[in-house]
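Colleague: Please find one structure pasted underneath; my questions will follow.
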Amino acid sequence: MAPSIDRQGYWGRPTSTLDWCEENYVVSFYIAEFWNTVSNLIMILPPIYGAIQTFRDGLELRYICSFFGLAAVGVGSWCFHMTLLYEMQLLDELPMIYSTCIFVYCLYECFKQEKRISLFPIALLLFFSVSVTLVYLHWKEPVFHQVMYGALVACLVMRSIFIVTWVYPWLRPLCYTSLGIFMLGFLLWNVDNIFCESLRASRQSLPPGVGVVTQFHAWWHIFTGLGSYLHILLSLQIRSTYLKYRPKVKFLCGVWPLLHIEPQKMS
């Protein structure tokens with residue numbers, strides 16, 4: 001975590017239990033961690049567009065919720081890094097648990113009848129979410145949240161690898177790309193935490209445009225946001241293939257991947 005050598009800004013002294021390696025209020029008086037804030041756009045705008053496209057394709061509500069869940073994490077993270085207030089920290093961290101529970105439900109229920117709602121896994125994930133929330137509100141230990149989030153991600157990784165190994169092996173490239181990008185973000189998150197003092201010292205001697213590249217927590221947002229987005233596309237492709245739809249990957253502006261589901265079912 002960051003040494004406490006930061007200046008004061010619009011939102012006052014930080015009340016969050018975490019303060020990351022980016023120097024506070026350096027770029028803007030109104031944004032505590034500027035690059036950690038704006039990097040959340042990748043978790044806000046593309047998922048909103050994905051939710052709209054999923055709605056237009058007439059797909060199940062769970063996938064619309066997946067996209068909006070990722071966008072909610074982006075909004076919460078924006079608010080947290082902009083203010084470094086404890087309330088905004090919760091707005092960032094708790095939606096990470098909730099949205100990943102939605103991802104888990106989608107992936108573990110992908111081989112069920114169309115429009116079918118399974119109450120037991122919903123109740124189990126709801127119990128998990130409420131339990132984590134209550135414990136975290138009373139025990140303000142970030143490591144607890146990180147372990148609980150990691151456990152959910154591990155469930156997704158194991159299920160994804162099982163499906164692309166034994167059921168739809170042709171989806172391996174998308175699965176491993178999503179996983180690889182996410183893990184790269186996790187690696188940079190750890191580098192930012194472990195070598196914070198060295199990174200801060202290096203930014204003092206680097207030109208501003210170069211020093212920005214060393215904002216590894218911002219890169220964590222970018223890579224995990226993209227990795228999570230690709231995971232939703234993978235989950236959608238698995239489900240639509242099982243339901244015998246015609247999933248087709250298209251690229252917005254020739255760059256950003258979208259999954260379009262043709263209305264005709266495969267014979």
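By convention in this document, the chains of the structure tokens carry letters A, B, ... by their order, each chain's residues are numbered from 1, and ligands are numbered from 1 in the order they are shown.
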Taking the DSSP assignment computed from this structure's backbone, write out as an NGL selection string all residues of segment 17-179 of chain A that belong to helix (DSSP H, G or I).

Modeller: :A and (34-43 or 45-56 or 61-83 or 86-108 or 119-138 or 142-166 or 169-179)

Colleague: Taking 2 positions as the minimum chain separation for residues in the same chain, which residues sit within 8 Å of His221 of chain A when counting only C-alpha atoms? Answer as a PyMOL selection string.

Modeller: chain A and resi 36+39-40+42-43+185+217-219+223-225

Colleague: Could you build a table of the residues in segment 189-260 of chain A lying no more than 8 Å from segment 102-122 of chain A, giving for each the nearest pair of atoms and their separation in Å rounded to one decimal place, using only C-alpha atoms, ordered by chain and ascending residue number, as JSON lines?

Modeller:
```
{"residue": "A:Ile232", "atom": "CA", "partner": "A:Phe103", "partner_atom": "CA", "distance": 7.4}
{"residue": "A:Ser235", "atom": "CA", "partner": "A:Leu107", "partner_atom": "CA", "distance": 5.9}
{"residue": "A:Ile238", "atom": "CA", "partner": "A:Cys110", "partner_atom": "CA", "distance": 7.0}
{"residue": "A:Arg239", "atom": "CA", "partner": "A:Cys110", "partner_atom": "CA", "distance": 5.2}
{"residue": "A:Tyr242", "atom": "CA", "partner": "A:Phe111", "partner_atom": "CA", "distance": 6.5}
{"residue": "A:Leu243", "atom": "CA", "partner": "A:Glu114", "partner_atom": "CA", "distance": 7.1}
```

Colleague: With only C-alpha atoms as the counted atoms, please give the residues lying no more than 9 Å from Leu233 of chain A, apart from itself and same-chain residues fewer than 4 positions off, as a count of residues only.

Modeller: 9

Colleague: To one decimal in Å, tell me the separation between atom CA of Trp220 of chain A and atom CA of Phe186 of chain A.

Modeller: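 Answer for the atom CA of Trp220 of chain A to atom CA of Phe186 of chain A separation: 6.3 Å.
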
Colleague: Hey, could you make a per-residue contact list for segment 200-266 of chain A against segment 18-24 of chain A with 12 Å as the cut-off, showing the nearest pair of atoms and its distance in Å to one decimal, counting only C-alpha atoms, sorted by chain and number, as a tab-separated table?

Modeller:
```
residue	atom	partner	partner_atom	distance
A:Arg200	CA	A:Cys21	CA	7.4
A:Ala201	CA	A:Glu23	CA	11.0
A:Arg203	CA	A:Glu23	CA	9.9
A:Gln204	CA	A:Glu23	CA	10.8
A:Gly211	CA	A:Glu22	CA	10.5
A:Val212	CA	A:Glu22	CA	9.5
A:Val213	CA	A:Glu22	CA	11.4
A:Thr214	CA	A:Glu22	CA	9.2
A:Gln215	CA	A:Glu22	CA	6.5
A:Phe216	CA	A:Cys21	CA	8.5
A:His217	CA	A:Cys21	CA	7.6
A:Ala218	CA	A:Glu22	CA	8.9
A:Trp219	CA	A:Glu22	CA	11.8
A:Trp220	CA	A:Trp20	CA	11.9
```

Colleague: Using only C-alpha atoms, find the one residue out of A:Leu45, A:Leu226, A:Ile52, A:Cys79 that sits nearest to Ile31 of chain A.

Modeller: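 Ranked by minimum distance to Ile31 of chain A, first place goes to A:Cys79.
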
Colleague: Could you jot down the atom CA of Phe251 of chain A to atom CA of Thr165 of chain A separation for me, Å, one decimal place?

Modeller: 26.1 Å

Colleague: I need the residue nearest Phe67 of chain A from this list: A:Lys244, A:Ser131, A:His231, A:Leu137. Use only C-alpha atoms for the distance.

Modeller: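 Using only C-alpha atoms, the shortest distance to Phe67 of chain A belongs to A:His231.
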
Colleague: Mind checking which residues fall within 10 Å of Thr15 of chain A, counting only C-alpha atoms, ignoring those fewer than 3 positions away in the same chain, and posting them as number ranges by chain?

Modeller: A: 11-12, 18-19, 83-89

Colleague: How about saving the chosen residues, all heavy atoms kept, as a short mmCIF file (atom, residue, chain, number, x, y, z; two decimals), in the first residue's frame?

Modeller:
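The resulting part-v7.cif:
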```cif
data_model
loop_
_atom_site.label_atom_id
_atom_site.label_comp_id
_atom_site.auth_asym_id
_atom_site.auth_seq_id
_atom_site.Cartn_x
_atom_site.Cartn_y
_atom_site.Cartn_z
N TRP A 11 -11.95 15.98 -1.41
CA TRP A 11 -12.71 15.03 -0.58
C TRP A 11 -12.15 14.88 0.82
O TRP A 11 -12.66 14.08 1.60
CB TRP A 11 -12.77 13.67 -1.28
CG TRP A 11 -13.41 13.74 -2.63
CD1 TRP A 11 -12.77 13.80 -3.83
CD2 TRP A 11 -14.80 13.80 -2.92
NE1 TRP A 11 -13.68 13.88 -4.86
CE2 TRP A 11 -14.94 13.89 -4.32
CE3 TRP A 11 -15.96 13.78 -2.12
CZ2 TRP A 11 -16.17 13.96 -4.95
CZ3 TRP A 11 -17.20 13.85 -2.74
CH2 TRP A 11 -17.29 13.94 -4.14
N GLY A 12 -11.12 15.63 1.15
CA GLY A 12 -10.58 15.62 2.50
C GLY A 12 -9.68 14.42 2.75
O GLY A 12 -9.27 13.71 1.83
N LEU A 18 -7.96 1.28 2.66
CA LEU A 18 -6.92 1.08 1.65
C LEU A 18 -6.61 2.41 0.97
O LEU A 18 -7.51 3.20 0.71
CB LEU A 18 -7.38 0.06 0.59
CG LEU A 18 -7.57 -1.38 1.03
CD1 LEU A 18 -8.26 -2.17 -0.07
CD2 LEU A 18 -6.24 -2.02 1.40
N ASP A 19 -5.34 2.63 0.70
CA ASP A 19 -4.90 3.78 -0.08
C ASP A 19 -3.81 3.28 -1.00
O ASP A 19 -2.75 2.84 -0.55
CB ASP A 19 -4.37 4.89 0.84
CG ASP A 19 -4.13 6.19 0.09
OD1 ASP A 19 -4.25 6.18 -1.15
OD2 ASP A 19 -3.84 7.21 0.74
N THR A 83 -12.55 9.42 -4.41
CA THR A 83 -12.76 10.04 -3.10
C THR A 83 -11.89 9.46 -1.98
O THR A 83 -11.58 10.15 -1.01
CB THR A 83 -14.22 9.88 -2.68
OG1 THR A 83 -14.52 8.47 -2.47
CG2 THR A 83 -15.17 10.43 -3.74
N LEU A 84 -11.56 8.16 -2.07
CA LEU A 84 -10.88 7.42 -1.00
C LEU A 84 -11.66 7.49 0.31
O LEU A 84 -11.09 7.52 1.40
CB LEU A 84 -9.44 7.94 -0.80
CG LEU A 84 -8.46 7.60 -1.92
CD1 LEU A 84 -7.08 8.16 -1.60
CD2 LEU A 84 -8.39 6.10 -2.19
N LEU A 85 -12.99 7.49 0.19
CA LEU A 85 -13.86 7.44 1.36
C LEU A 85 -14.29 6.00 1.62
O LEU A 85 -14.47 5.21 0.68
CB LEU A 85 -15.10 8.32 1.14
CG LEU A 85 -14.83 9.81 0.92
CD1 LEU A 85 -16.14 10.54 0.66
CD2 LEU A 85 -14.10 10.42 2.11
N TYR A 86 -14.48 5.65 2.89
CA TYR A 86 -14.79 4.27 3.25
C TYR A 86 -16.11 3.81 2.62
O TYR A 86 -16.22 2.67 2.15
CB TYR A 86 -14.86 4.14 4.77
CG TYR A 86 -15.31 2.76 5.22
CD1 TYR A 86 -14.50 1.65 5.02
CD2 TYR A 86 -16.55 2.58 5.83
CE1 TYR A 86 -14.91 0.39 5.42
CE2 TYR A 86 -16.96 1.32 6.22
CZ TYR A 86 -16.13 0.23 6.02
OH TYR A 86 -16.55 -1.02 6.41
N GLU A 87 -17.10 4.70 2.63
CA GLU A 87 -18.40 4.33 2.04
C GLU A 87 -18.25 3.98 0.56
O GLU A 87 -18.90 3.06 0.06
CB GLU A 87 -19.41 5.46 2.22
CG GLU A 87 -19.78 5.76 3.67
CD GLU A 87 -18.74 6.58 4.40
OE1 GLU A 87 -17.76 7.03 3.76
OE2 GLU A 87 -18.90 6.78 5.62
N MET A 88 -17.41 4.73 -0.14
CA MET A 88 -17.19 4.47 -1.56
C MET A 88 -16.35 3.20 -1.76
O MET A 88 -16.48 2.52 -2.78
CB MET A 88 -16.51 5.67 -2.21
CG MET A 88 -17.32 6.95 -2.17
SD MET A 88 -18.92 6.83 -3.01
CE MET A 88 -20.04 6.74 -1.59
N GLN A 89 -15.50 2.90 -0.80
CA GLN A 89 -14.74 1.65 -0.85
C GLN A 89 -15.68 0.45 -0.84
O GLN A 89 -15.51 -0.51 -1.60
CB GLN A 89 -13.77 1.56 0.33
CG GLN A 89 -12.95 0.28 0.35
CD GLN A 89 -12.03 0.20 1.57
OE1 GLN A 89 -11.81 1.20 2.26
NE2 GLN A 89 -11.50 -0.98 1.85
#
```

Colleague: Calculated over only C-alpha atoms, which of the candidates A:Leu234, A:Ser205, A:Tyr149, A:His138 has the smallest distance to Leu171 of chain A?

Modeller: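 So, comparing all the options, the nearest one is A:Leu234.
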
Colleague: Here is a test: counting only C-alpha atoms, which residue of A:Ala151, A:Ile48, A:Pro208, A:Cys101 is nearest to Val27 of chain A?

Modeller: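 The answer is A:Pro208, which sits nearest to Val27 of chain A.
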